$ cat target.cif   # mmCIF, C-alpha atoms, pLDDT in the B column; chains and numbers go by the auth columns
data_query
loop_
_atom_site.group_PDB
_atom_site.id
_atom_site.type_symbol
_atom_site.label_atom_id
_atom_site.label_comp_id
_atom_site.label_asym_id
_atom_site.label_seq_id
_atom_site.Cartn_x
_atom_site.Cartn_y
_atom_site.Cartn_z
_atom_site.B_iso_or_equiv
_atom_site.auth_seq_id
_atom_site.auth_asym_id
ATOM 1 C CA MET A 1 10.128 26.823 9.885 68.00 1 A
ATOM 2 C CA ILE A 2 12.199 23.915 11.204 80.00 2 A
ATOM 3 C CA ALA A 3 11.283 20.601 9.623 88.00 3 A
ATOM 4 C CA PRO A 4 9.959 18.089 12.176 94.00 4 A
ATOM 5 C CA PRO A 5 12.659 15.516 13.063 95.00 5 A
ATOM 6 C CA TYR A 6 10.414 12.566 12.149 98.00 6 A
ATOM 7 C CA LEU A 7 10.839 13.546 8.489 98.00 7 A
ATOM 8 C CA ASP A 8 14.495 12.484 8.663 97.00 8 A
ATOM 9 C CA GLN A 9 13.492 8.828 8.877 98.00 9 A
ATOM 10 C CA VAL A 10 11.197 8.973 5.876 98.00 10 A
ATOM 11 C CA THR A 11 12.901 8.023 2.623 98.00 11 A
ATOM 12 C CA PHE A 12 11.410 10.252 -0.042 97.00 12 A
ATOM 13 C CA ASP A 13 12.176 9.196 -3.628 95.00 13 A
ATOM 14 C CA ALA A 14 14.018 11.206 -6.277 94.00 14 A
ATOM 15 C CA ASN A 15 10.836 13.231 -6.825 95.00 15 A
ATOM 16 C CA GLY A 16 10.498 13.943 -3.107 97.00 16 A
ATOM 17 C CA LEU A 17 7.559 11.568 -2.723 97.00 17 A
ATOM 18 C CA VAL A 18 6.532 8.479 -0.749 98.00 18 A
ATOM 19 C CA PRO A 19 3.505 6.288 -1.348 97.00 19 A
ATOM 20 C CA ALA A 20 0.884 6.483 1.389 98.00 20 A
ATOM 21 C CA ILE A 21 -1.695 3.789 2.025 98.00 21 A
ATOM 22 C CA ALA A 22 -5.002 4.716 3.630 98.00 22 A
ATOM 23 C CA GLN A 23 -6.532 1.875 5.631 98.00 23 A
ATOM 24 C CA ASP A 24 -9.969 2.087 7.228 98.00 24 A
ATOM 25 C CA ASP A 25 -9.507 2.054 10.991 98.00 25 A
ATOM 26 C CA LYS A 26 -12.832 0.290 11.547 97.00 26 A
ATOM 27 C CA THR A 27 -13.016 -2.276 8.729 98.00 27 A
ATOM 28 C CA ALA A 28 -9.231 -2.579 8.107 98.00 28 A
ATOM 29 C CA ARG A 29 -9.964 -2.368 4.409 98.00 29 A
ATOM 30 C CA ILE A 30 -7.331 -0.728 2.226 98.00 30 A
ATOM 31 C CA LEU A 31 -9.089 2.277 0.785 98.00 31 A
ATOM 32 C CA MET A 32 -6.545 3.875 -1.524 98.00 32 A
ATOM 33 C CA VAL A 33 -2.904 4.552 -2.235 98.00 33 A
ATOM 34 C CA ALA A 34 -1.659 8.034 -3.064 98.00 34 A
ATOM 35 C CA TRP A 35 1.561 10.019 -2.801 98.00 35 A
ATOM 36 C CA MET A 36 2.898 12.424 -0.204 98.00 36 A
ATOM 37 C CA ASN A 37 5.678 14.977 -0.286 98.00 37 A
ATOM 38 C CA ARG A 38 7.171 16.447 2.890 98.00 38 A
ATOM 39 C CA ASP A 39 4.569 19.199 3.126 98.00 39 A
ATOM 40 C CA ALA A 40 1.712 16.730 2.693 98.00 40 A
ATOM 41 C CA LEU A 41 2.984 14.521 5.505 98.00 41 A
ATOM 42 C CA VAL A 42 3.598 17.445 7.848 98.00 42 A
ATOM 43 C CA GLU A 43 0.161 18.917 7.189 98.00 43 A
ATOM 44 C CA THR A 44 -1.438 15.495 7.655 98.00 44 A
ATOM 45 C CA VAL A 45 0.225 15.109 11.044 98.00 45 A
ATOM 46 C CA GLN A 46 -0.551 18.654 12.143 97.00 46 A
ATOM 47 C CA SER A 47 -4.144 18.794 10.931 98.00 47 A
ATOM 48 C CA GLY A 48 -5.196 15.199 11.601 98.00 48 A
ATOM 49 C CA ARG A 49 -6.675 15.001 8.118 98.00 49 A
ATOM 50 C CA ALA A 50 -5.133 13.146 5.183 98.00 50 A
ATOM 51 C CA VAL A 51 -3.301 15.420 2.767 98.00 51 A
ATOM 52 C CA TYR A 52 -1.637 13.945 -0.309 98.00 52 A
ATOM 53 C CA TYR A 53 0.378 15.307 -3.211 98.00 53 A
ATOM 54 C CA SER A 54 -1.294 15.257 -6.596 97.00 54 A
ATOM 55 C CA ARG A 55 1.300 14.343 -9.200 94.00 55 A
ATOM 56 C CA SER A 56 -1.006 15.376 -12.052 94.00 56 A
ATOM 57 C CA ARG A 57 -1.849 18.774 -10.553 95.00 57 A
ATOM 58 C CA GLN A 58 1.556 19.129 -8.851 97.00 58 A
ATOM 59 C CA THR A 59 0.011 20.533 -5.713 97.00 59 A
ATOM 60 C CA LEU A 60 -1.165 19.459 -2.268 98.00 60 A
ATOM 61 C CA TRP A 61 -4.365 17.491 -2.402 97.00 61 A
ATOM 62 C CA ARG A 62 -6.422 17.852 0.729 98.00 62 A
ATOM 63 C CA LYS A 63 -8.468 14.682 0.426 97.00 63 A
ATOM 64 C CA GLY A 64 -12.138 15.620 0.427 95.00 64 A
ATOM 65 C CA GLU A 65 -11.634 19.240 -0.598 93.00 65 A
ATOM 66 C CA GLU A 66 -13.759 18.630 -3.689 90.00 66 A
ATOM 67 C CA SER A 67 -15.767 15.534 -2.815 92.00 67 A
ATOM 68 C CA GLY A 68 -16.334 16.227 0.868 93.00 68 A
ATOM 69 C CA HIS A 69 -15.018 12.724 1.528 95.00 69 A
ATOM 70 C CA PHE A 70 -12.204 13.671 3.865 97.00 70 A
ATOM 71 C CA GLN A 71 -10.228 11.267 6.001 98.00 71 A
ATOM 72 C CA THR A 72 -9.594 11.754 9.708 98.00 72 A
ATOM 73 C CA VAL A 73 -6.260 10.198 10.615 98.00 73 A
ATOM 74 C CA SER A 74 -6.056 8.121 13.788 98.00 74 A
ATOM 75 C CA GLU A 75 -2.569 6.681 13.319 98.00 75 A
ATOM 76 C CA VAL A 76 0.477 7.150 11.088 98.00 76 A
ATOM 77 C CA ARG A 77 2.882 4.269 10.552 98.00 77 A
ATOM 78 C CA LEU A 78 6.150 3.898 8.650 98.00 78 A
ATOM 79 C CA ASP A 79 7.620 0.716 7.195 98.00 79 A
ATOM 80 C CA CYS A 80 11.026 -0.783 7.906 98.00 80 A
ATOM 81 C CA ASP A 81 12.702 0.898 4.932 96.00 81 A
ATOM 82 C CA GLY A 82 11.018 4.204 5.718 98.00 82 A
ATOM 83 C CA ASP A 83 9.725 4.464 2.188 97.00 83 A
ATOM 84 C CA VAL A 84 6.017 3.744 2.643 98.00 84 A
ATOM 85 C CA VAL A 85 3.591 5.550 4.965 98.00 85 A
ATOM 86 C CA LEU A 86 0.455 3.916 6.320 98.00 86 A
ATOM 87 C CA LEU A 87 -2.471 6.022 7.524 98.00 87 A
ATOM 88 C CA MET A 88 -5.251 4.549 9.627 98.00 88 A
ATOM 89 C CA VAL A 89 -8.240 6.694 8.771 98.00 89 A
ATOM 90 C CA ASN A 90 -11.883 7.296 9.413 98.00 90 A
ATOM 91 C CA GLN A 91 -13.307 7.678 5.920 98.00 91 A
ATOM 92 C CA HIS A 92 -16.083 10.229 5.666 97.00 92 A
ATOM 93 C CA ALA A 93 -19.176 8.811 3.910 96.00 93 A
ATOM 94 C CA ASP A 94 -17.264 5.522 3.542 97.00 94 A
ATOM 95 C CA ILE A 95 -16.286 6.601 0.032 97.00 95 A
ATOM 96 C CA ALA A 96 -12.580 6.875 -0.733 97.00 96 A
ATOM 97 C CA CYS A 97 -12.583 6.217 -4.488 97.00 97 A
ATOM 98 C CA HIS A 98 -13.357 8.794 -7.151 95.00 98 A
ATOM 99 C CA THR A 99 -15.639 6.188 -8.744 97.00 99 A
ATOM 100 C CA GLY A 100 -17.950 6.541 -5.728 97.00 100 A
ATOM 101 C CA ARG A 101 -16.911 3.246 -4.201 98.00 101 A
ATOM 102 C CA ASN A 102 -15.681 2.512 -0.687 98.00 102 A
ATOM 103 C CA SER A 103 -12.229 1.447 -1.862 98.00 103 A
ATOM 104 C CA CYS A 104 -10.157 1.967 -4.977 98.00 104 A
ATOM 105 C CA PHE A 105 -9.385 -1.771 -4.912 98.00 105 A
ATOM 106 C CA PHE A 106 -12.741 -2.853 -6.299 98.00 106 A
ATOM 107 C CA ARG A 107 -11.416 -5.232 -8.973 98.00 107 A
ATOM 108 C CA VAL A 108 -10.502 -8.856 -8.253 98.00 108 A
ATOM 109 C CA LEU A 109 -8.613 -11.127 -10.602 98.00 109 A
ATOM 110 C CA SER A 110 -10.900 -14.040 -11.382 97.00 110 A
ATOM 111 C CA HIS A 111 -10.435 -16.583 -14.178 95.00 111 A
ATOM 112 C CA GLY A 112 -7.842 -14.349 -15.783 96.00 112 A
ATOM 113 C CA GLU A 113 -9.956 -11.186 -15.776 97.00 113 A
ATOM 114 C CA TRP A 114 -10.349 -8.202 -13.487 98.00 114 A
ATOM 115 C CA GLN A 115 -13.895 -8.375 -12.156 98.00 115 A
ATOM 116 C CA THR A 116 -15.534 -5.405 -10.476 98.00 116 A
ATOM 117 C CA VAL A 117 -16.925 -6.774 -7.231 98.00 117 A
ATOM 118 C CA ASP A 118 -17.794 -3.688 -5.180 98.00 118 A
ATOM 119 C CA PRO A 119 -20.818 -1.446 -5.674 97.00 119 A
ATOM 120 C CA VAL A 120 -20.880 2.264 -6.418 97.00 120 A
ATOM 121 C CA ILE A 121 -22.195 3.887 -3.250 96.00 121 A
ATOM 122 C CA ARG A 122 -22.759 7.303 -4.793 94.00 122 A
ATOM 123 C CA ASP A 123 -22.697 8.408 -8.428 93.00 123 A
ATOM 124 C CA PRO A 124 -19.518 10.379 -9.166 93.00 124 A
ATOM 125 C CA GLN A 125 -21.626 12.925 -11.069 92.00 125 A
ATOM 126 C CA GLU A 126 -23.421 13.652 -7.824 91.00 126 A
ATOM 127 C CA ILE A 127 -20.160 13.841 -5.909 90.00 127 A
ATOM 128 C CA TYR A 128 -18.238 16.063 -8.284 87.00 128 A
ATOM 129 C CA GLY A 129 -21.005 17.653 -10.312 79.00 129 A
ATOM 130 C CA HIS A 130 -19.395 16.400 -13.508 53.00 130 A
ATOM 131 C CA GLU A 131 -17.987 13.181 -14.971 43.00 131 A
ATOM 132 C CA MET B 1 4.439 -17.156 -24.627 68.00 1 B
ATOM 133 C CA ILE B 2 1.425 -14.882 -24.979 80.00 2 B
ATOM 134 C CA ALA B 3 1.095 -12.387 -22.117 88.00 3 B
ATOM 135 C CA PRO B 4 -2.102 -12.895 -20.113 94.00 4 B
ATOM 136 C CA PRO B 5 -4.718 -10.262 -21.078 95.00 5 B
ATOM 137 C CA TYR B 6 -5.130 -9.094 -17.473 98.00 6 B
ATOM 138 C CA LEU B 7 -1.680 -7.490 -17.719 98.00 7 B
ATOM 139 C CA ASP B 8 -3.073 -4.916 -20.162 97.00 8 B
ATOM 140 C CA GLN B 9 -5.033 -3.224 -17.410 98.00 9 B
ATOM 141 C CA VAL B 10 -2.057 -2.933 -15.087 98.00 10 B
ATOM 142 C CA THR B 11 -0.212 0.371 -15.408 98.00 11 B
ATOM 143 C CA PHE B 12 3.453 -0.407 -14.938 97.00 12 B
ATOM 144 C CA ASP B 13 5.689 2.630 -14.380 95.00 13 B
ATOM 145 C CA ALA B 14 8.605 3.770 -16.533 94.00 14 B
ATOM 146 C CA ASN B 15 10.741 1.029 -14.938 95.00 15 B
ATOM 147 C CA GLY B 16 8.122 -1.607 -15.669 97.00 16 B
ATOM 148 C CA LEU B 17 7.069 -1.891 -12.026 97.00 17 B
ATOM 149 C CA VAL B 18 3.969 -1.531 -9.850 98.00 18 B
ATOM 150 C CA PRO B 19 3.848 -1.421 -6.062 97.00 19 B
ATOM 151 C CA ALA B 20 2.187 -4.450 -4.490 98.00 20 B
ATOM 152 C CA ILE B 21 0.698 -4.467 -1.011 98.00 21 B
ATOM 153 C CA ALA B 22 0.481 -7.716 0.937 98.00 22 B
ATOM 154 C CA GLN B 23 -2.406 -7.800 3.392 98.00 23 B
ATOM 155 C CA ASP B 24 -2.974 -10.652 5.829 98.00 24 B
ATOM 156 C CA ASP B 25 -6.166 -12.429 4.814 98.00 25 B
ATOM 157 C CA LYS B 26 -6.980 -13.380 8.413 97.00 26 B
ATOM 158 C CA THR B 27 -6.001 -10.307 10.439 98.00 27 B
ATOM 159 C CA ALA B 28 -6.337 -7.733 7.614 98.00 28 B
ATOM 160 C CA ARG B 29 -3.058 -6.257 8.722 98.00 29 B
ATOM 161 C CA ILE B 30 -0.866 -4.712 6.052 98.00 30 B
ATOM 162 C CA LEU B 31 2.269 -6.809 6.106 98.00 31 B
ATOM 163 C CA MET B 32 4.546 -5.200 3.537 98.00 32 B
ATOM 164 C CA VAL B 33 4.825 -3.285 0.296 98.00 33 B
ATOM 165 C CA ALA B 34 7.150 -4.405 -2.482 98.00 34 B
ATOM 166 C CA TRP B 35 7.402 -4.096 -6.251 98.00 35 B
ATOM 167 C CA MET B 36 6.320 -6.327 -9.105 98.00 36 B
ATOM 168 C CA ASN B 37 7.257 -6.420 -12.746 98.00 37 B
ATOM 169 C CA ARG B 38 5.156 -8.287 -15.316 98.00 38 B
ATOM 170 C CA ASP B 39 6.933 -11.593 -14.717 98.00 39 B
ATOM 171 C CA ALA B 40 6.482 -11.312 -10.950 98.00 40 B
ATOM 172 C CA LEU B 41 2.749 -10.720 -11.288 98.00 41 B
ATOM 173 C CA VAL B 42 2.293 -13.555 -13.781 98.00 42 B
ATOM 174 C CA GLU B 43 4.267 -15.996 -11.638 98.00 43 B
ATOM 175 C CA THR B 44 2.335 -14.914 -8.539 98.00 44 B
ATOM 176 C CA VAL B 45 -0.964 -15.602 -10.287 98.00 45 B
ATOM 177 C CA GLN B 46 0.191 -18.905 -11.775 97.00 46 B
ATOM 178 C CA SER B 47 1.911 -20.268 -8.677 98.00 47 B
ATOM 179 C CA GLY B 48 -0.383 -18.895 -5.982 98.00 48 B
ATOM 180 C CA ARG B 49 2.645 -17.670 -4.045 98.00 49 B
ATOM 181 C CA ALA B 50 3.774 -14.048 -3.811 98.00 50 B
ATOM 182 C CA VAL B 51 6.646 -13.214 -6.138 98.00 51 B
ATOM 183 C CA TYR B 52 8.070 -9.689 -6.178 98.00 52 B
ATOM 184 C CA TYR B 53 10.811 -7.911 -8.076 98.00 53 B
ATOM 185 C CA SER B 54 13.874 -6.918 -6.099 97.00 54 B
ATOM 186 C CA ARG B 55 15.056 -3.514 -7.299 94.00 55 B
ATOM 187 C CA SER B 56 18.376 -3.875 -5.487 94.00 56 B
ATOM 188 C CA ARG B 57 19.119 -7.335 -6.877 95.00 57 B
ATOM 189 C CA GLN B 58 17.271 -6.670 -10.166 97.00 58 B
ATOM 190 C CA THR B 59 15.747 -10.107 -10.184 97.00 59 B
ATOM 191 C CA LEU B 60 12.561 -11.911 -9.223 98.00 60 B
ATOM 192 C CA TRP B 61 12.203 -12.305 -5.494 97.00 61 B
ATOM 193 C CA ARG B 62 10.208 -15.356 -4.540 98.00 62 B
ATOM 194 C CA LYS B 63 9.128 -14.258 -1.085 97.00 63 B
ATOM 195 C CA GLY B 64 10.298 -16.827 1.435 95.00 64 B
ATOM 196 C CA GLU B 65 13.008 -18.324 -0.769 93.00 65 B
ATOM 197 C CA GLU B 66 15.609 -17.412 1.847 90.00 66 B
ATOM 198 C CA SER B 67 13.583 -16.964 5.034 92.00 67 B
ATOM 199 C CA GLY B 68 11.048 -19.725 4.481 93.00 68 B
ATOM 200 C CA HIS B 69 8.381 -17.121 5.186 95.00 69 B
ATOM 201 C CA PHE B 70 6.448 -17.471 1.962 97.00 70 B
ATOM 202 C CA GLN B 71 3.022 -16.031 1.257 98.00 71 B
ATOM 203 C CA THR B 72 0.135 -18.021 -0.165 98.00 72 B
ATOM 204 C CA VAL B 73 -2.077 -15.719 -2.209 98.00 73 B
ATOM 205 C CA SER B 74 -5.832 -15.993 -1.801 98.00 74 B
ATOM 206 C CA GLU B 75 -6.869 -12.926 -3.801 98.00 75 B
ATOM 207 C CA VAL B 76 -5.344 -10.387 -6.185 98.00 76 B
ATOM 208 C CA ARG B 77 -6.897 -6.935 -6.502 98.00 77 B
ATOM 209 C CA LEU B 78 -6.145 -3.901 -8.653 98.00 78 B
ATOM 210 C CA ASP B 79 -6.931 -0.282 -7.890 98.00 79 B
ATOM 211 C CA CYS B 80 -8.957 2.144 -9.991 98.00 80 B
ATOM 212 C CA ASP B 81 -5.919 3.581 -11.776 96.00 81 B
ATOM 213 C CA GLY B 82 -4.457 0.132 -12.329 98.00 82 B
ATOM 214 C CA ASP B 83 -1.184 1.190 -10.795 97.00 83 B
ATOM 215 C CA VAL B 84 -1.257 -0.608 -7.438 98.00 84 B
ATOM 216 C CA VAL B 85 -1.753 -4.333 -6.828 98.00 85 B
ATOM 217 C CA LEU B 86 -3.158 -5.717 -3.585 98.00 86 B
ATOM 218 C CA LEU B 87 -2.476 -9.297 -2.536 98.00 87 B
ATOM 219 C CA MET B 88 -4.473 -10.991 0.181 98.00 88 B
ATOM 220 C CA VAL B 89 -2.086 -13.529 1.631 98.00 89 B
ATOM 221 C CA ASN B 90 -1.614 -16.218 4.181 98.00 90 B
ATOM 222 C CA GLN B 91 1.722 -15.342 5.759 98.00 91 B
ATOM 223 C CA HIS B 92 3.819 -18.353 6.691 97.00 92 B
ATOM 224 C CA ALA B 93 5.071 -18.137 10.312 96.00 93 B
ATOM 225 C CA ASP B 94 3.251 -14.794 10.591 97.00 94 B
ATOM 226 C CA ILE B 95 6.532 -13.049 9.799 97.00 95 B
ATOM 227 C CA ALA B 96 6.633 -10.817 6.736 97.00 96 B
ATOM 228 C CA CYS B 97 9.359 -8.352 7.732 97.00 97 B
ATOM 229 C CA HIS B 98 13.088 -8.991 7.423 95.00 98 B
ATOM 230 C CA THR B 99 13.404 -7.668 10.992 96.00 99 B
ATOM 231 C CA GLY B 100 11.537 -10.778 12.190 97.00 100 B
ATOM 232 C CA ARG B 101 8.301 -8.918 12.862 98.00 101 B
ATOM 233 C CA ASN B 102 4.806 -9.702 11.643 98.00 102 B
ATOM 234 C CA SER B 103 4.566 -6.512 9.579 98.00 103 B
ATOM 235 C CA CYS B 104 7.034 -4.044 8.137 98.00 104 B
ATOM 236 C CA PHE B 105 4.828 -1.256 9.521 98.00 105 B
ATOM 237 C CA PHE B 106 5.996 -1.612 13.107 98.00 106 B
ATOM 238 C CA ARG B 107 6.670 2.085 13.768 98.00 107 B
ATOM 239 C CA VAL B 108 3.957 4.512 14.866 98.00 108 B
ATOM 240 C CA LEU B 109 4.296 8.271 14.948 98.00 109 B
ATOM 241 C CA SER B 110 3.792 9.346 18.544 97.00 110 B
ATOM 242 C CA HIS B 111 4.648 12.743 20.024 95.00 111 B
ATOM 243 C CA GLY B 112 6.692 13.580 16.961 96.00 112 B
ATOM 244 C CA GLU B 113 8.768 10.400 16.974 97.00 113 B
ATOM 245 C CA TRP B 114 8.574 7.013 15.285 98.00 114 B
ATOM 246 C CA GLN B 115 8.039 4.501 18.060 98.00 115 B
ATOM 247 C CA THR B 116 8.567 0.781 17.500 98.00 116 B
ATOM 248 C CA VAL B 117 5.414 -0.842 18.824 98.00 117 B
ATOM 249 C CA ASP B 118 5.556 -4.411 17.515 98.00 118 B
ATOM 250 C CA PRO B 119 7.720 -7.221 18.872 97.00 119 B
ATOM 251 C CA VAL B 120 10.333 -9.235 17.019 97.00 120 B
ATOM 252 C CA ILE B 121 8.857 -12.710 16.689 96.00 121 B
ATOM 253 C CA ARG B 122 12.059 -14.363 15.566 94.00 122 B
ATOM 254 C CA ASP B 123 15.626 -13.082 15.551 93.00 123 B
ATOM 255 C CA PRO B 124 16.717 -12.228 11.990 93.00 124 B
ATOM 256 C CA GLN B 125 20.031 -13.968 12.654 92.00 125 B
ATOM 257 C CA GLU B 126 18.085 -17.173 13.164 91.00 126 B
ATOM 258 C CA ILE B 127 16.017 -16.560 10.057 90.00 127 B
ATOM 259 C CA TYR B 128 18.815 -15.641 7.695 87.00 128 B
ATOM 260 C CA GLY B 129 21.855 -17.057 9.455 79.00 129 B
ATOM 261 C CA HIS B 130 23.491 -13.619 9.427 53.00 130 B
ATOM 262 C CA GLU B 131 22.640 -10.020 10.304 43.00 131 B
#
$ encode --input "target.cif" --output "structure tokens"
Amino acid sequence: MIAPPYLDQVTFDANGLVPAIAQDDKTARILMVAWMNRDALVETVQSGRAVYYSRSRQTLWRKGEESGHFQTVSEVRLDCDGDVVLLMVNQHADIACHTGRNSCFFRVLSHGEWQTVDPVIRDPQEIYGHE
Amino acid sequence: MIAPPYLDQVTFDANGLVPAIAQDDKTARILMVAWMNRDALVETVQSGRAVYYSRSRQTLWRKGEESGHFQTVSEVRLDCDGDVVLLMVNQHADIACHTGRNSCFFRVLSHGEWQTVDPVIRDPQEIYGHE
């Protein structure tokens, strides 16, 4: 298969990865940041659903494959250096974080401490069937 | 000097860095992604202005020191893994990108090509006095 030409302008790092930000296309909230390799980006573009690369499992991670909380991609952007991808997404169930929260960025620095300010929407044990 | 305790929950990579996203606190637009080391994060928190770490220059990069386009930080967030920082910022002159655009994410994937969709607000030659 011929690699799509748009890949040429993406600067993958020494491990063949770029960070990808998922931003909610309705609320504009930043939901999460994960990594993509070439295959993950191509499958994301082709399928219209966010696919990342799991560094711990060293395999493609089709977001939602376990949780059901998939992301439908409405727009893909690239930054000026070509080394960060931005996905505008519709987040299924409004839960992007494995903690059961809307966003992974649920801690705010306040008086020198990280304070959790966002609620758990659904118990992770319910989502994943285990801790 | 004793390191602030909030640093303990930030997972810096093997190079001592974390990616930091700057998001406009009025428009919610993602303006840029850069890197921070411990000193950059501490100075950002203490000064209330975004300070990054320049990997190319290997030194602290006080955003706006050359362009005048500094960022006033209204909120600092951390993600669930502790390995990405999110800054909510007020972007001076509404120009975050070195190309003179509002955001570094000015290219959208459309029909298999990256299309530049955002205007240059100010010519980089005017901003930096050179290309």
$ closest_atom_pairs --input "target.cif" --of "chain A" --to "chain B" --cutoff "7 Å" --atoms "only C-alpha atoms" --output "JSON lines"
{"residue": "A:Tyr6", "atom": "CA", "partner": "B:Glu113", "partner_atom": "CA", "distance": 5.5}
{"residue": "A:Ala28", "atom": "CA", "partner": "B:Ala28", "partner_atom": "CA", "distance": 5.9}
{"residue": "A:Val76", "atom": "CA", "partner": "B:Leu109", "partner_atom": "CA", "distance": 5.5}
{"residue": "A:Arg77", "atom": "CA", "partner": "B:Val108", "partner_atom": "CA", "distance": 4.5}
{"residue": "A:Leu78", "atom": "CA", "partner": "B:Phe105", "partner_atom": "CA", "distance": 5.4}
{"residue": "A:Asp79", "atom": "CA", "partner": "B:Phe105", "partner_atom": "CA", "distance": 4.1}
{"residue": "A:Cys80", "atom": "CA", "partner": "B:Cys104", "partner_atom": "CA", "distance": 5.2}
{"residue": "A:Cys104", "atom": "CA", "partner": "B:Asp79", "partner_atom": "CA", "distance": 4.9}
{"residue": "A:Phe105", "atom": "CA", "partner": "B:Asp79", "partner_atom": "CA", "distance": 4.1}
{"residue": "A:Phe106", "atom": "CA", "partner": "B:Asp79", "partner_atom": "CA", "distance": 6.5}
{"residue": "A:Arg107", "atom": "CA", "partner": "B:Arg77", "partner_atom": "CA", "distance": 5.4}
{"residue": "A:Val108", "atom": "CA", "partner": "B:Arg77", "partner_atom": "CA", "distance": 4.4}
{"residue": "A:Leu109", "atom": "CA", "partner": "B:Val76", "partner_atom": "CA", "distance": 5.5}
{"residue": "A:Gly112", "atom": "CA", "partner": "B:Tyr6", "partner_atom": "CA", "distance": 6.2}
{"residue": "A:Glu113", "atom": "CA", "partner": "B:Tyr6", "partner_atom": "CA", "distance": 5.5}
{"residue": "A:Trp114", "atom": "CA", "partner": "B:Tyr6", "partner_atom": "CA", "distance": 6.6}
$ closest_residue --input "target.cif" --among "A:Lys26, A:Ile2, A:Arg55, A:Pro124" --to "A:His69" --atoms "all atoms listed in the file"
A:Pro124
$ axis_aligned_box --input "target.cif" --around "stretch 90-97 of chain A" --padding-each-side "6 Å" --output "lines of an AutoDock Vina configuration file"
center_x = -15.5
center_y = 7.9
center_z = 2.5
size_x = 19.3
size_y = 16.7
size_z = 25.9
$ resolve_selection --input "target.cif" --expression "the PyMOL selection byres ((chain B and resi 51) around 12)" --output "PyMOL selection string"
chain B and resi 20-22+33-50+52-54+59-65+70-73+87+89
$ residues_around --input "target.cif" --residues "A:Tyr128" --least-positions-apart "2" --cutoff "10 Å" --atoms "all atoms listed in the file" --output "VMD selection string"
chain A and resid 66 to 68 98 100 123 to 126 130 to 131
$ write_last_selection --input "target.cif" --atoms "C-alpha atoms" --output "short mmCIF file (atom, residue, chain, number, x, y, z; two decimals), in the coordinates of the input"
data_model
loop_
_atom_site.label_atom_id
_atom_site.label_comp_id
_atom_site.auth_asym_id
_atom_site.auth_seq_id
_atom_site.Cartn_x
_atom_site.Cartn_y
_atom_site.Cartn_z
CA GLU A 66 -13.76 18.63 -3.69
CA SER A 67 -15.77 15.53 -2.82
CA GLY A 68 -16.33 16.23 0.87
CA HIS A 98 -13.36 8.79 -7.15
CA GLY A 100 -17.95 6.54 -5.73
CA ASP A 123 -22.70 8.41 -8.43
CA PRO A 124 -19.52 10.38 -9.17
CA GLN A 125 -21.63 12.92 -11.07
CA GLU A 126 -23.42 13.65 -7.82
CA HIS A 130 -19.40 16.40 -13.51
CA GLU A 131 -17.99 13.18 -14.97
#
$ atom_distance --input "target.cif" --atom1 "atom CA of B:Asp118" --atom2 "atom CA of B:Ala96"
12.6 Å
$ atom_distance --input "target.cif" --atom1 "atom CA of B:Asn102" --atom2 "atom CA of A:Gln91"
25.7 Å
$ atom_distance --input "target.cif" --atom1 "atom CA of A:Leu17" --atom2 "atom CA of B:Arg57"
22.5 Å
$ decode --input "target.cif" --residues "stretch 95-128 of chain B" --atoms "C-alpha atoms" --output "PDB file, in the first residue's frame"
ATOM      1  CA  ILE B  95      -0.601  35.693  18.120  1.00  0.00           C
ATOM      2  CA  ALA B  96       0.942  32.520  19.506  1.00  0.00           C
ATOM      3  CA  CYS B  97       2.597  31.102  16.383  1.00  0.00           C
ATOM      4  CA  HIS B  98       5.974  32.185  15.029  1.00  0.00           C
ATOM      5  CA  THR B  99       4.308  32.381  11.599  1.00  0.00           C
ATOM      6  CA  GLY B 100       2.282  35.357  12.876  1.00  0.00           C
ATOM      7  CA  ARG B 101      -0.937  33.381  13.210  1.00  0.00           C
ATOM      8  CA  ASN B 102      -3.234  33.055  16.199  1.00  0.00           C
ATOM      9  CA  SER B 103      -2.558  29.329  16.598  1.00  0.00           C
ATOM     10  CA  CYS B 104       0.144  26.946  15.470  1.00  0.00           C
ATOM     11  CA  PHE B 105      -2.624  24.563  14.367  1.00  0.00           C
ATOM     12  CA  PHE B 106      -3.472  26.435  11.186  1.00  0.00           C
ATOM     13  CA  ARG B 107      -3.465  23.429   8.836  1.00  0.00           C
ATOM     14  CA  VAL B 108      -6.495  21.184   8.352  1.00  0.00           C
ATOM     15  CA  LEU B 109      -6.477  17.847   6.587  1.00  0.00           C
ATOM     16  CA  SER B 110      -8.841  18.142   3.644  1.00  0.00           C
ATOM     17  CA  HIS B 111      -9.088  15.748   0.699  1.00  0.00           C
ATOM     18  CA  GLY B 112      -5.804  14.167   1.689  1.00  0.00           C
ATOM     19  CA  GLU B 113      -3.849  17.413   1.946  1.00  0.00           C
ATOM     20  CA  TRP B 114      -2.931  19.828   4.718  1.00  0.00           C
ATOM     21  CA  GLN B 115      -4.677  23.077   3.882  1.00  0.00           C
ATOM     22  CA  THR B 116      -3.711  26.341   5.567  1.00  0.00           C
ATOM     23  CA  VAL B 117      -6.987  27.798   6.780  1.00  0.00           C
ATOM     24  CA  ASP B 118      -5.969  30.578   9.169  1.00  0.00           C
ATOM     25  CA  PRO B 119      -4.660  34.009   8.202  1.00  0.00           C
ATOM     26  CA  VAL B 120      -1.348  35.576   9.145  1.00  0.00           C
ATOM     27  CA  ILE B 121      -2.223  38.373  11.549  1.00  0.00           C
ATOM     28  CA  ARG B 122       1.190  39.985  11.494  1.00  0.00           C
ATOM     29  CA  ASP B 123       4.158  39.403   9.212  1.00  0.00           C
ATOM     30  CA  PRO B 124       6.888  37.461  11.049  1.00  0.00           C
ATOM     31  CA  GLN B 125       9.471  39.846   9.605  1.00  0.00           C
ATOM     32  CA  GLU B 126       7.743  42.636  11.489  1.00  0.00           C
ATOM     33  CA  ILE B 127       7.559  40.561  14.645  1.00  0.00           C
ATOM     34  CA  TYR B 128      11.116  39.295  14.691  1.00  0.00           C
TER      35      TYR B 128
END
